[in-house]
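Trainee: Here you go, one structure.
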Amino acid sequence: MAESRLASATPGSRLSDTLHEVRQYHERTKHHFHRYARSLGFMNWANEPNPFRRYAGSPVAELPLLSSAELFESPPYDDLYRPGAVHSAPASLASLSRFFHYALAITAWKEHAGSRWSLRSNPSSGDLHPTEGYLLAGPLPGLHRNPALYHYAPRDHVLERRADWSAEGFGELMRGFPAGCFLVGLSSIFWREAWKYGERAYRYCHHDLGHAIGTVRLAAAALGWRAVLLHGTSDAGIERLLGLDRTGDFEESEAEHPGALLLVRPSGTAAPARLPLFLDADAVERLRPLRWHGRASRLSPEEPVIWEAIDQVARASRKARTDSVDTLTAGDSPDKPRDPSHPGAGVAGRAAEPSSGPPAGRIIAQRRSALAFDGRTSLPAPRFFTMLERVMPCADRPLLERPTPWDVLPWEPAIDLAVFVHRIDGLPPGLYALLREPGRLQRLKRATRPEFLWSAPSGAPPGFPLYQLQPGDLRQVAIDVSCGQEIAGLGAFSLGMIADFDAALERSGAWFYPRLFWEAGLVGQVLYLEAEAAGARATGIGCFFDDPMHEVLGLEGTAFQDLYHFATGGPVEDARLTTLPAYPPRPGSGA
Ligand SMILES: Cc1cc2nc3c(=O)[nH]c(=O)nc-3n(C[C@H](O)[C@H](O)[C@H](O)COP(=O)(O)O)c2cc1C
């Protein structure tokens with residue numbers, strides 16, 4: 001079956017019903033100038049959810065803690081995007097530790113006026129961190145003699161063993177994949193975001209999940225590994241594998257919802273001619289753990305507030321069926337350079353001379369959201385073009401030939417960018433469009449304001465699908481549509497991520513709705529790191545006024561919908577905050 005033409009309605013419900021419910025949710029959770037999406041309207045601090053889940057009673061394996069200096073010992077950041085440039089690390093406890101440091105770990109603690117909060121490699125709306133991570137791996141020295149399921153606990157950088165599997169069961173599950181592969185599961189605890197944001201929280205959980213897909217893919221890249229979504233697997237399959245359907249283990253705790261499942265391919269795992277993008281449903285069903293361990297911790301002292309709209313959209317957008325999809329590998333191996341040339345990916349796609357520049361580990365560990373921009377810093381146009389090139393998926397190539405990290409999402413890209421250029425040296429300020437799928441040009445031209453120019457900006461790489469729509473100072477407009485947040489106007493540029501909404505949902509079904517947010521989150525994650533590499537800083541913006549932004553673009557109806565905003569510029573640091581190390585030395589470590 002073609003990668004992007006899966007259809008998977010909830011059993012017993014018609015496709016049109018679930019689509020209707022998803023559309024209804026999307027409409028009712030729009031922010032309007034005079035009415036925000038429904039939330040409690042106040043913060044119930046007494047019921048604030050704990051951002052760190054633990055499974056009490058499960059055996060714990062410590063991942064070796066890496067110091068900042070050790071985390072920085074990594075390939076140059078630019079090499080993550082150069083096919084074949086990073087030598088593959090062998091799978092070991094040490095490399096897994098580095099992988100989780102880069103993907104989901106704490107990167108610093110912040111302190112102010114008696115409060116302390118942590119920052120992680122993966123950003124999160126409101127720093128609430130709904131995403132939980134799991135590892136499903138074969139036997140590994142230092143971990144366990146059997147294949148097992150582990151929960152990653154970022155507070156202490158440890159793996160909690162949730163289940164032991166037999167070698168036969170795991171072998172059957174992984175049949176069709178190269179030897180030595182492992183799986184990473186991502187789930188969401190909706191309550192963590194809903195506690196603060198109410199009904200719109202479901203969107204934020206999936207943005208965050210998209211960011212985490214990005215951190216996982218780029219962490220793999222820093223180790224010379226590949227990763228791809230096992231996109232065909234049903235939600236029930238993911239639930240079962242991760243133990244999320246074990247009601248007894250969640251009896252006293254807030255629910256965790258299935259998200260993404262990724263296949264990670266370390267060194268020496270040359271792929272077969274076709275790589276499955278699903279786990280066999282029967283093998284998942286038959287996988288009976290030898291033993292389960294632990295119970296999920298409760299996160300809030302009181303019962304969570306129930307947001308019926310979230311429960312409903314979560315039900316409607318469940319992926320009910322496993323689809324047997326696969327992808328061509330063209331005999332690729334992790335060490336084989338992929339074709340780097342692409343007309344839409346000028347400098348970013350070229351693997352010429354060896355990269356210099358900052359190490360990947362430093363860029364990943366230093367990533368932060370800017371709290372404010374200085375209103376002065378500009379970026380040179382060539383740098384701006386490179387940043388935009390890094391979000392080009394080059395989807396006319398086979399999946400595994402696409403540039404990192406776009407080889408992780410097995411679908412036709414659905415997100416284009418409407419960019420407010422404020423301060424880019426060599427580029428007139430104004431509104432621009434970046435078409436991540438250049439074939440959408442005519443449809444977008446027809447759907448947007450007739451007065452838009454659609455002209456090629458001077459200095460852009462030849463054939464690069466960036467268009468100038470309207471010159472002018474749009475700083476205040478950008479602020480206004482981003483809930484009045486100054487970061488959208490005081491940086492070098494900000495943008496809205498515009499989804500090909502109706503077409504994507506009609507092509508695949510309601511279950512594709514969260515995936516649109518995953519793609520937007522992944523675009524955001526690439527831009528976060530690009531901003532750091534450019535000596536600037538960025539911030540994801542989940543709070544924006546949906547329809548007013550559509551009006552800026554002239555969009556009517558729901559064919560195209562704005563899903564996420566993003567801003568980049570020169571940060572203003574908050575001198576009142578104290579920064580503390582991510583992990584204090586472990587007792588007895590001698591450090
Ligand atoms: C999906 C998403 C939406 C966000 N929305 C906003 C926003 O509207 N305004 C804002 O100032 N920051 C926003 N942020 C930034 C978060 O507050 C920030 O990621 C979080 O506090 C963690 O800090 P860190 O990114 O420095 O690790 C958003 C981040 C994400 C991932």
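Residues in the structure tokens are named by chain (A, B, ... in the order shown) and by number from 1 within that chain; ligands are numbered from 1 in the order shown.
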What residues in segment 341-499 of chain A get the DSSP label helix (DSSP H, G or I)? Please answer as number ranges by chain.

Mentor: A: 346-349, 360-366, 381-389, 399-401, 438-447, 475-481, 487-490

Trainee: For the residues in that selection, give me C-alpha atoms as an mmCIF file, in the first residue's frame.

Mentor:
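Contents of result17.cif, freshly written:
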```
data_model
loop_
_atom_site.group_PDB
_atom_site.id
_atom_site.type_symbol
_atom_site.label_atom_id
_atom_site.label_comp_id
_atom_site.auth_asym_id
_atom_site.auth_seq_id
_atom_site.Cartn_x
_atom_site.Cartn_y
_atom_site.Cartn_z
ATOM 1 C CA GLY A 346 20.308 24.230 -2.252
ATOM 2 C CA VAL A 347 23.082 24.634 0.278
ATOM 3 C CA ALA A 348 21.457 22.557 3.001
ATOM 4 C CA GLY A 349 21.423 19.472 0.841
ATOM 5 C CA ALA A 360 25.759 18.792 17.526
ATOM 6 C CA GLY A 361 25.735 17.937 21.240
ATOM 7 C CA ARG A 362 26.316 21.561 22.188
ATOM 8 C CA ILE A 363 23.549 22.895 19.927
ATOM 9 C CA ILE A 364 21.122 20.261 21.248
ATOM 10 C CA ALA A 365 22.009 20.854 24.907
ATOM 11 C CA GLN A 366 21.957 24.658 24.697
ATOM 12 C CA ALA A 381 19.869 36.401 4.118
ATOM 13 C CA PRO A 382 22.103 33.394 3.228
ATOM 14 C CA ARG A 383 21.739 32.119 6.806
ATOM 15 C CA PHE A 384 17.974 32.609 6.645
ATOM 16 C CA PHE A 385 17.828 30.615 3.393
ATOM 17 C CA THR A 386 19.866 27.796 4.942
ATOM 18 C CA MET A 387 17.515 27.659 7.915
ATOM 19 C CA LEU A 388 14.537 27.380 5.600
ATOM 20 C CA GLU A 389 16.254 24.783 3.443
ATOM 21 C CA LEU A 399 11.312 8.214 1.968
ATOM 22 C CA LEU A 400 14.713 6.988 3.055
ATOM 23 C CA GLU A 401 16.483 9.182 0.501
ATOM 24 C CA PRO A 438 6.231 22.959 -4.320
ATOM 25 C CA GLY A 439 3.334 21.251 -6.132
ATOM 26 C CA ARG A 440 0.876 23.188 -3.959
ATOM 27 C CA LEU A 441 1.747 26.495 -5.633
ATOM 28 C CA GLN A 442 -1.312 26.871 -7.867
ATOM 29 C CA ARG A 443 -3.781 25.830 -5.153
ATOM 30 C CA LEU A 444 -2.247 28.217 -2.652
ATOM 31 C CA LYS A 445 -2.201 31.048 -5.190
ATOM 32 C CA ARG A 446 -5.911 30.562 -5.780
ATOM 33 C CA ALA A 447 -6.706 30.245 -2.070
ATOM 34 C CA ARG A 475 5.725 43.445 12.904
ATOM 35 C CA GLN A 476 2.508 44.559 14.584
ATOM 36 C CA VAL A 477 0.396 42.211 12.441
ATOM 37 C CA ALA A 478 2.624 39.300 13.465
ATOM 38 C CA ILE A 479 2.279 40.259 17.138
ATOM 39 C CA ASP A 480 -1.484 40.708 16.857
ATOM 40 C CA VAL A 481 -2.128 37.278 15.327
ATOM 41 C CA ILE A 487 8.227 37.680 20.425
ATOM 42 C CA ALA A 488 6.370 37.373 17.093
ATOM 43 C CA GLY A 489 7.323 40.932 16.073
ATOM 44 C CA LEU A 490 10.610 41.697 17.840
#
```

Trainee: Within 7 Å of ligand 1, which residues of chain A come that close, and what is the closest atom pair and distance in Å for each? Count only C-alpha atoms and all ligand atoms and give it as a Markdown table.

Mentor:
```
| residue | atom | partner | partner_atom_place_in_ligand_line | distance |
| --- | --- | --- | --- | --- |
| A:Leu119 | CA | ligand 1 | 27 (O) | 4.3 |
| A:Arg120 | CA | ligand 1 | 27 (O) | 5.1 |
| A:Ser121 | CA | ligand 1 | 27 (O) | 6.6 |
| A:Asn122 | CA | ligand 1 | 27 (O) | 6.4 |
| A:Pro123 | CA | ligand 1 | 19 (O) | 4.0 |
| A:Ser124 | CA | ligand 1 | 31 (C) | 3.8 |
| A:Ser125 | CA | ligand 1 | 30 (C) | 3.7 |
| A:Gly126 | CA | ligand 1 | 17 (O) | 4.1 |
| A:Asp127 | CA | ligand 1 | 20 (C) | 3.8 |
| A:Tyr204 | CA | ligand 1 | 1 (C) | 5.0 |
| A:His207 | CA | ligand 1 | 1 (C) | 4.7 |
| A:Asp208 | CA | ligand 1 | 31 (C) | 5.2 |
| A:His211 | CA | ligand 1 | 31 (C) | 6.7 |
| A:Arg367 | CA | ligand 1 | 26 (O) | 6.7 |
| A:Arg368 | CA | ligand 1 | 26 (O) | 3.4 |
| A:Ser369 | CA | ligand 1 | 26 (O) | 3.8 |
| A:Ala370 | CA | ligand 1 | 26 (O) | 6.9 |
| A:Leu371 | CA | ligand 1 | 11 (O) | 5.9 |
| A:Gly521 | CA | ligand 1 | 1 (C) | 6.8 |
| A:Thr539 | CA | ligand 1 | 15 (C) | 5.4 |
| A:Gly540 | CA | ligand 1 | 28 (C) | 4.2 |
| A:Ile541 | CA | ligand 1 | 5 (N) | 3.5 |
| A:Gly542 | CA | ligand 1 | 5 (N) | 3.8 |
| A:Cys543 | CA | ligand 1 | 8 (O) | 4.1 |
```

Trainee: Which residues of segment 346-401 of chain A come within 7 Å of segment 564-583 of chain A, and for each one, what is the closest pair of atoms and their distance in Å to one decimal, counting only C-alpha atoms, sorted by chain and residue number, as CSV?

Mentor:
```
residue,atom,partner,partner_atom,distance
A:Ala370,CA,A:Pro571,CA,5.5
A:Ala372,CA,A:Val572,CA,5.3
A:Phe373,CA,A:Pro571,CA,4.5
A:Asp374,CA,A:Val572,CA,5.7
A:Thr377,CA,A:Gly570,CA,5.0
```

Trainee: For the residues in the current selection, export N, CA, C and O atoms as a tab-separated table (two decimals), in the first residue's frame.

Mentor:
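Output file result08.tsv follows:
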```
chain	number	residue	atom	x	y	z
A	370	ALA	N	13.44	31.37	23.65
A	370	ALA	CA	13.66	32.77	24.02
A	370	ALA	C	12.42	33.26	24.76
A	370	ALA	O	11.29	32.96	24.36
A	372	ALA	N	12.15	36.61	25.40
A	372	ALA	CA	11.92	37.91	24.76
A	372	ALA	C	13.00	38.12	23.71
A	372	ALA	O	14.09	37.51	23.80
A	373	PHE	N	12.70	38.94	22.72
A	373	PHE	CA	13.70	39.29	21.70
A	373	PHE	C	14.06	40.76	21.84
A	373	PHE	O	13.26	41.58	22.33
A	374	ASP	N	15.27	41.10	21.33
A	374	ASP	CA	15.80	42.45	21.57
A	374	ASP	C	15.29	43.50	20.58
A	374	ASP	O	15.55	44.69	20.75
A	377	THR	N	18.43	42.46	16.65
A	377	THR	CA	19.27	41.46	15.96
A	377	THR	C	18.66	41.10	14.60
A	377	THR	O	17.46	40.85	14.48
```

Trainee: Which neighbours of Ala222 of chain A fall inside 12 Å, counting only C-alpha atoms, when residues of the same chain fewer than 5 positions from it are skipped, and could you give them as a PyMOL selection string?

Mentor: chain A and resi 71-89+95-96+98-103+215-217+227+266+359-364+404-405

Trainee: Rank nothing, just name the residue among A:Ala94, A:Leu40, A:Glu160, A:His32 nearest to Gly57 of chain A, using only C-alpha atoms.

Mentor: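 Selected residue with least distance to Gly57 of chain A: A:Glu160.
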
Trainee: As JSON, numbers by chain, please: every residue in segment 35-207 of chain A that a backbone DSSP assignment puts in strand (DSSP E).

Mentor: {"A": [55, 56, 60, 61, 62, 106, 107, 108, 109, 110, 111, 112, 115, 116, 117, 118, 119, 120, 131, 132, 133, 134, 135, 136, 137, 148, 149, 150, 151, 152, 153, 158, 159, 160, 161, 162, 163, 164, 182, 183, 184, 185, 186, 187, 188]}

Trainee: Write out as a list in words the residues lying within 12 Å of Ser97 of chain A, counting only C-alpha atoms and excluding same-chain residues fewer than 6 positions away.

Mentor: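 What passes the distance filter is Ala61, Glu62, Leu63, Pro64, Leu65, Leu66, Ser67, Glu70, Leu71, Ala91, Ala103, Leu104, Ala105, Leu135, Gly142, Leu143, Tyr152, Ala153, Pro154, Asp156, His157, Val158, Leu159, Ala219, Ala220 and Leu223 of chain A.
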
Trainee: Just the selected residues (N, CA, C and O atoms), exported as an mmCIF file, in the first residue's frame, please.

Mentor:
```
data_model
loop_
_atom_site.group_PDB
_atom_site.id
_atom_site.type_symbol
_atom_site.label_atom_id
_atom_site.label_comp_id
_atom_site.auth_asym_id
_atom_site.auth_seq_id
_atom_site.Cartn_x
_atom_site.Cartn_y
_atom_site.Cartn_z
ATOM 1 N N ALA A 61 17.475 0.737 35.746
ATOM 2 C CA ALA A 61 18.843 0.683 35.204
ATOM 3 C C ALA A 61 19.323 2.115 35.004
ATOM 4 O O ALA A 61 18.691 2.883 34.270
ATOM 5 N N GLU A 62 20.415 2.463 35.661
ATOM 6 C CA GLU A 62 20.950 3.819 35.507
ATOM 7 C C GLU A 62 21.657 3.933 34.167
ATOM 8 O O GLU A 62 22.481 3.083 33.814
ATOM 9 N N LEU A 63 21.339 4.987 33.420
ATOM 10 C CA LEU A 63 22.124 5.285 32.222
ATOM 11 C C LEU A 63 23.297 6.148 32.685
ATOM 12 O O LEU A 63 23.103 7.041 33.522
ATOM 13 N N PRO A 64 24.511 5.886 32.180
ATOM 14 C CA PRO A 64 25.646 6.694 32.642
ATOM 15 C C PRO A 64 25.388 8.178 32.363
ATOM 16 O O PRO A 64 24.950 8.534 31.265
ATOM 17 N N LEU A 65 25.638 9.024 33.372
ATOM 18 C CA LEU A 65 25.428 10.461 33.189
ATOM 19 C C LEU A 65 26.596 11.058 32.416
ATOM 20 O O LEU A 65 27.751 10.795 32.742
ATOM 21 N N LEU A 66 26.287 11.855 31.410
ATOM 22 C CA LEU A 66 27.357 12.507 30.647
ATOM 23 C C LEU A 66 27.453 13.961 31.089
ATOM 24 O O LEU A 66 26.432 14.649 31.213
ATOM 25 N N SER A 67 28.660 14.418 31.312
ATOM 26 C CA SER A 67 28.870 15.826 31.665
ATOM 27 C C SER A 67 28.631 16.676 30.418
ATOM 28 O O SER A 67 28.579 16.151 29.298
ATOM 29 N N GLU A 70 31.258 16.037 27.928
ATOM 30 C CA GLU A 70 31.081 14.758 27.206
ATOM 31 C C GLU A 70 29.941 14.854 26.192
ATOM 32 O O GLU A 70 30.007 14.291 25.100
ATOM 33 N N LEU A 71 28.886 15.584 26.567
ATOM 34 C CA LEU A 71 27.764 15.736 25.621
ATOM 35 C C LEU A 71 28.198 16.505 24.376
ATOM 36 O O LEU A 71 27.698 16.275 23.278
ATOM 37 N N ALA A 91 25.625 0.037 19.291
ATOM 38 C CA ALA A 91 24.589 0.124 20.326
ATOM 39 C C ALA A 91 25.165 -0.409 21.632
ATOM 40 O O ALA A 91 25.668 -1.532 21.681
ATOM 41 N N ALA A 103 17.769 13.229 23.241
ATOM 42 C CA ALA A 103 16.363 13.150 22.800
ATOM 43 C C ALA A 103 15.388 13.701 23.835
ATOM 44 O O ALA A 103 14.508 14.499 23.496
ATOM 45 N N LEU A 104 15.509 13.273 25.104
ATOM 46 C CA LEU A 104 14.420 13.548 26.054
ATOM 47 C C LEU A 104 14.892 13.963 27.450
ATOM 48 O O LEU A 104 14.071 14.076 28.368
ATOM 49 N N ALA A 105 16.183 14.200 27.615
ATOM 50 C CA ALA A 105 16.704 14.409 28.980
ATOM 51 C C ALA A 105 16.556 15.854 29.440
ATOM 52 O O ALA A 105 16.259 16.757 28.655
ATOM 53 N N LEU A 135 11.531 2.632 25.583
ATOM 54 C CA LEU A 135 12.499 1.904 24.764
ATOM 55 C C LEU A 135 12.075 0.446 24.725
ATOM 56 O O LEU A 135 11.738 -0.132 25.773
ATOM 57 N N GLY A 142 24.391 -4.583 30.565
ATOM 58 C CA GLY A 142 24.145 -3.428 31.436
ATOM 59 C C GLY A 142 22.672 -3.120 31.571
ATOM 60 O O GLY A 142 22.277 -2.388 32.469
ATOM 61 N N LEU A 143 21.855 -3.666 30.651
ATOM 62 C CA LEU A 143 20.412 -3.427 30.751
ATOM 63 C C LEU A 143 19.711 -4.683 31.257
ATOM 64 O O LEU A 143 19.302 -4.759 32.387
ATOM 65 N N TYR A 152 11.541 5.592 30.016
ATOM 66 C CA TYR A 152 12.642 6.521 30.278
ATOM 67 C C TYR A 152 12.180 7.561 31.294
ATOM 68 O O TYR A 152 11.169 8.245 31.083
ATOM 69 N N ALA A 153 12.915 7.697 32.390
ATOM 70 C CA ALA A 153 12.573 8.663 33.443
ATOM 71 C C ALA A 153 13.600 9.795 33.412
ATOM 72 O O ALA A 153 14.727 9.633 33.912
ATOM 73 N N PRO A 154 13.242 10.945 32.808
ATOM 74 C CA PRO A 154 14.238 11.996 32.576
ATOM 75 C C PRO A 154 14.749 12.656 33.855
ATOM 76 O O PRO A 154 15.871 13.151 33.887
ATOM 77 N N ASP A 156 15.894 11.446 36.505
ATOM 78 C CA ASP A 156 17.117 10.795 36.988
ATOM 79 C C ASP A 156 17.936 10.145 35.876
ATOM 80 O O ASP A 156 18.944 9.501 36.158
ATOM 81 N N HIS A 157 17.488 10.286 34.631
ATOM 82 C CA HIS A 157 18.182 9.682 33.492
ATOM 83 C C HIS A 157 18.370 8.176 33.716
ATOM 84 O O HIS A 157 19.484 7.641 33.684
ATOM 85 N N VAL A 158 17.258 7.511 33.993
ATOM 86 C CA VAL A 158 17.285 6.063 34.213
ATOM 87 C C VAL A 158 16.215 5.402 33.347
ATOM 88 O O VAL A 158 15.275 6.062 32.883
ATOM 89 N N LEU A 159 16.370 4.108 33.150
ATOM 90 C CA LEU A 159 15.346 3.319 32.461
ATOM 91 C C LEU A 159 14.670 2.413 33.482
ATOM 92 O O LEU A 159 15.356 1.707 34.245
ATOM 93 N N ALA A 219 18.769 12.936 17.593
ATOM 94 C CA ALA A 219 19.655 12.225 18.518
ATOM 95 C C ALA A 219 20.233 11.006 17.808
ATOM 96 O O ALA A 219 21.437 10.707 17.909
ATOM 97 N N ALA A 220 19.387 10.299 17.071
ATOM 98 C CA ALA A 220 19.862 9.147 16.293
ATOM 99 C C ALA A 220 20.911 9.606 15.276
ATOM 100 O O ALA A 220 21.969 8.975 15.134
ATOM 101 N N LEU A 223 24.373 9.994 16.430
ATOM 102 C CA LEU A 223 25.075 8.723 16.669
ATOM 103 C C LEU A 223 25.277 7.953 15.367
ATOM 104 O O LEU A 223 25.711 6.800 15.378
#
```

Trainee: Taking only C-alpha atoms into account, name the residue in A:His112, A:Arg298, A:Arg436, A:Arg515 that is nearest to Pro49 of chain A.

Mentor: A:Arg298

Trainee: For a quick check of understanding, using only C-alpha atoms, which of A:Pro584, A:Gly294, A:Gly185, A:Gly496 has the smallest distance to Ala137 of chain A?

Mentor: A:Gly185

Trainee: Write out as a PDB file with all heavy atoms, in the first residue's frame the residues lying within 9 Å of His231 of chain A, counting only C-alpha atoms and excluding same-chain residues fewer than 4 positions away.

Mentor:
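Below is the file that was written, around_10.pdb:
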```
ATOM      1  N   GLU A   3       2.536   4.685   0.932  1.00  0.00           N
ATOM      2  CA  GLU A   3       2.817   5.153   2.281  1.00  0.00           C
ATOM      3  C   GLU A   3       1.782   6.123   2.819  1.00  0.00           C
ATOM      4  O   GLU A   3       1.447   6.110   3.984  1.00  0.00           O
ATOM      5  CB  GLU A   3       4.160   5.878   2.298  1.00  0.00           C
ATOM      6  CG  GLU A   3       5.318   4.943   2.277  1.00  0.00           C
ATOM      7  CD  GLU A   3       6.558   5.598   1.709  1.00  0.00           C
ATOM      8  OE1 GLU A   3       6.567   6.822   1.565  1.00  0.00           O
ATOM      9  OE2 GLU A   3       7.499   4.863   1.416  1.00  0.00           O
ATOM     10  N   ALA A 260       3.496   7.907  19.038  1.00  0.00           N
ATOM     11  CA  ALA A 260       4.281   7.454  17.894  1.00  0.00           C
ATOM     12  C   ALA A 260       5.173   6.284  18.285  1.00  0.00           C
ATOM     13  O   ALA A 260       5.588   6.155  19.426  1.00  0.00           O
ATOM     14  CB  ALA A 260       5.151   8.604  17.405  1.00  0.00           C
ATOM     15  N   LEU A 261       5.448   5.458  17.290  1.00  0.00           N
ATOM     16  CA  LEU A 261       6.380   4.352  17.464  1.00  0.00           C
ATOM     17  C   LEU A 261       7.457   4.511  16.393  1.00  0.00           C
ATOM     18  O   LEU A 261       7.127   4.659  15.210  1.00  0.00           O
ATOM     19  CB  LEU A 261       5.615   3.042  17.277  1.00  0.00           C
ATOM     20  CG  LEU A 261       6.326   1.776  17.665  1.00  0.00           C
ATOM     21  CD1 LEU A 261       6.531   1.728  19.186  1.00  0.00           C
ATOM     22  CD2 LEU A 261       5.491   0.563  17.251  1.00  0.00           C
ATOM     23  N   LEU A 262       8.717   4.515  16.813  1.00  0.00           N
ATOM     24  CA  LEU A 262       9.807   4.711  15.847  1.00  0.00           C
ATOM     25  C   LEU A 262      10.743   3.518  15.851  1.00  0.00           C
ATOM     26  O   LEU A 262      11.075   2.974  16.915  1.00  0.00           O
ATOM     27  CB  LEU A 262      10.632   5.955  16.195  1.00  0.00           C
ATOM     28  CG  LEU A 262       9.916   7.290  16.097  1.00  0.00           C
ATOM     29  CD1 LEU A 262       9.565   7.810  17.477  1.00  0.00           C
ATOM     30  CD2 LEU A 262      10.777   8.306  15.379  1.00  0.00           C
ATOM     31  N   LEU A 277       6.869  -0.545   7.597  1.00  0.00           N
ATOM     32  CA  LEU A 277       6.612   0.630   8.436  1.00  0.00           C
ATOM     33  C   LEU A 277       5.466   0.327   9.394  1.00  0.00           C
ATOM     34  O   LEU A 277       4.607   1.174   9.662  1.00  0.00           O
ATOM     35  CB  LEU A 277       6.292   1.850   7.560  1.00  0.00           C
ATOM     36  CG  LEU A 277       7.435   2.318   6.656  1.00  0.00           C
ATOM     37  CD1 LEU A 277       6.993   3.480   5.772  1.00  0.00           C
ATOM     38  CD2 LEU A 277       8.655   2.721   7.480  1.00  0.00           C
ATOM     39  N   PHE A 278       5.422  -0.904   9.872  1.00  0.00           N
ATOM     40  CA  PHE A 278       4.385  -1.313  10.824  1.00  0.00           C
ATOM     41  C   PHE A 278       4.901  -2.534  11.575  1.00  0.00           C
ATOM     42  O   PHE A 278       5.851  -3.180  11.130  1.00  0.00           O
ATOM     43  CB  PHE A 278       3.083  -1.663  10.089  1.00  0.00           C
ATOM     44  CG  PHE A 278       3.198  -2.899   9.228  1.00  0.00           C
ATOM     45  CD1 PHE A 278       2.698  -4.124   9.661  1.00  0.00           C
ATOM     46  CD2 PHE A 278       3.840  -2.858   8.001  1.00  0.00           C
ATOM     47  CE1 PHE A 278       2.830  -5.268   8.881  1.00  0.00           C
ATOM     48  CE2 PHE A 278       3.988  -3.998   7.212  1.00  0.00           C
ATOM     49  CZ  PHE A 278       3.471  -5.204   7.661  1.00  0.00           C
ATOM     50  N   THR A 322      -4.106  -1.646  11.946  1.00  0.00           N
ATOM     51  CA  THR A 322      -2.715  -1.652  11.469  1.00  0.00           C
ATOM     52  C   THR A 322      -2.723  -1.789   9.956  1.00  0.00           C
ATOM     53  O   THR A 322      -3.423  -2.644   9.408  1.00  0.00           O
ATOM     54  CB  THR A 322      -1.929  -2.802  12.114  1.00  0.00           C
ATOM     55  OG1 THR A 322      -1.677  -2.464  13.477  1.00  0.00           O
ATOM     56  CG2 THR A 322      -0.592  -3.032  11.427  1.00  0.00           C
ATOM     57  N   ASP A 323      -1.998  -0.926   9.271  1.00  0.00           N
ATOM     58  CA  ASP A 323      -1.896  -0.986   7.813  1.00  0.00           C
ATOM     59  C   ASP A 323      -0.527  -1.528   7.437  1.00  0.00           C
ATOM     60  O   ASP A 323       0.495  -1.083   7.978  1.00  0.00           O
ATOM     61  CB  ASP A 323      -2.064   0.418   7.214  1.00  0.00           C
ATOM     62  CG  ASP A 323      -3.449   0.977   7.477  1.00  0.00           C
ATOM     63  OD1 ASP A 323      -4.415   0.399   6.972  1.00  0.00           O
ATOM     64  OD2 ASP A 323      -3.553   1.979   8.205  1.00  0.00           O
ATOM     65  N   VAL A 325       2.065  -1.204   5.526  1.00  0.00           N
ATOM     66  CA  VAL A 325       2.786  -0.322   4.606  1.00  0.00           C
ATOM     67  C   VAL A 325       4.278  -0.583   4.727  1.00  0.00           C
ATOM     68  O   VAL A 325       4.765  -0.993   5.772  1.00  0.00           O
ATOM     69  CB  VAL A 325       2.523   1.169   4.911  1.00  0.00           C
ATOM     70  CG1 VAL A 325       1.234   1.629   4.307  1.00  0.00           C
ATOM     71  CG2 VAL A 325       2.567   1.452   6.391  1.00  0.00           C
ATOM     72  N   LEU A 409       9.227  10.857   8.645  1.00  0.00           N
ATOM     73  CA  LEU A 409       7.758  10.977   8.496  1.00  0.00           C
ATOM     74  C   LEU A 409       7.307  10.406   7.157  1.00  0.00           C
ATOM     75  O   LEU A 409       7.497  11.043   6.122  1.00  0.00           O
ATOM     76  CB  LEU A 409       7.318  12.450   8.543  1.00  0.00           C
ATOM     77  CG  LEU A 409       7.490  13.244   9.824  1.00  0.00           C
ATOM     78  CD1 LEU A 409       6.835  14.616   9.679  1.00  0.00           C
ATOM     79  CD2 LEU A 409       6.929  12.516  11.033  1.00  0.00           C
ATOM     80  N   PRO A 410       6.657   9.239   7.177  1.00  0.00           N
ATOM     81  CA  PRO A 410       6.324   8.605   5.890  1.00  0.00           C
ATOM     82  C   PRO A 410       5.009   9.114   5.296  1.00  0.00           C
ATOM     83  O   PRO A 410       4.098   8.339   5.090  1.00  0.00           O
ATOM     84  CB  PRO A 410       6.217   7.115   6.237  1.00  0.00           C
ATOM     85  CG  PRO A 410       6.311   7.024   7.718  1.00  0.00           C
ATOM     86  CD  PRO A 410       6.302   8.390   8.290  1.00  0.00           C
ATOM     87  N   TRP A 411       4.926  10.397   5.047  1.00  0.00           N
ATOM     88  CA  TRP A 411       3.720  10.888   4.375  1.00  0.00           C
ATOM     89  C   TRP A 411       4.048  12.107   3.535  1.00  0.00           C
ATOM     90  O   TRP A 411       5.122  12.682   3.634  1.00  0.00           O
ATOM     91  CB  TRP A 411       2.598  11.181   5.369  1.00  0.00           C
ATOM     92  CG  TRP A 411       2.879  12.169   6.463  1.00  0.00           C
ATOM     93  CD1 TRP A 411       3.032  13.521   6.316  1.00  0.00           C
ATOM     94  CD2 TRP A 411       3.008  11.894   7.861  1.00  0.00           C
ATOM     95  NE1 TRP A 411       3.238  14.096   7.547  1.00  0.00           N
ATOM     96  CE2 TRP A 411       3.230  13.127   8.508  1.00  0.00           C
ATOM     97  CE3 TRP A 411       2.951  10.730   8.645  1.00  0.00           C
ATOM     98  CZ2 TRP A 411       3.389  13.234   9.892  1.00  0.00           C
ATOM     99  CZ3 TRP A 411       3.116  10.846  10.015  1.00  0.00           C
ATOM    100  CH2 TRP A 411       3.324  12.078  10.635  1.00  0.00           C
TER     101      TRP A 411
END
```

Trainee: Between atom CA of Met549 of chain A and atom CA of Tyr432 of chain A, measure the distance and give it in Å to one decimal.

Mentor: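 Separation of atom CA of Met549 of chain A and atom CA of Tyr432 of chain A: 13.8 Å.
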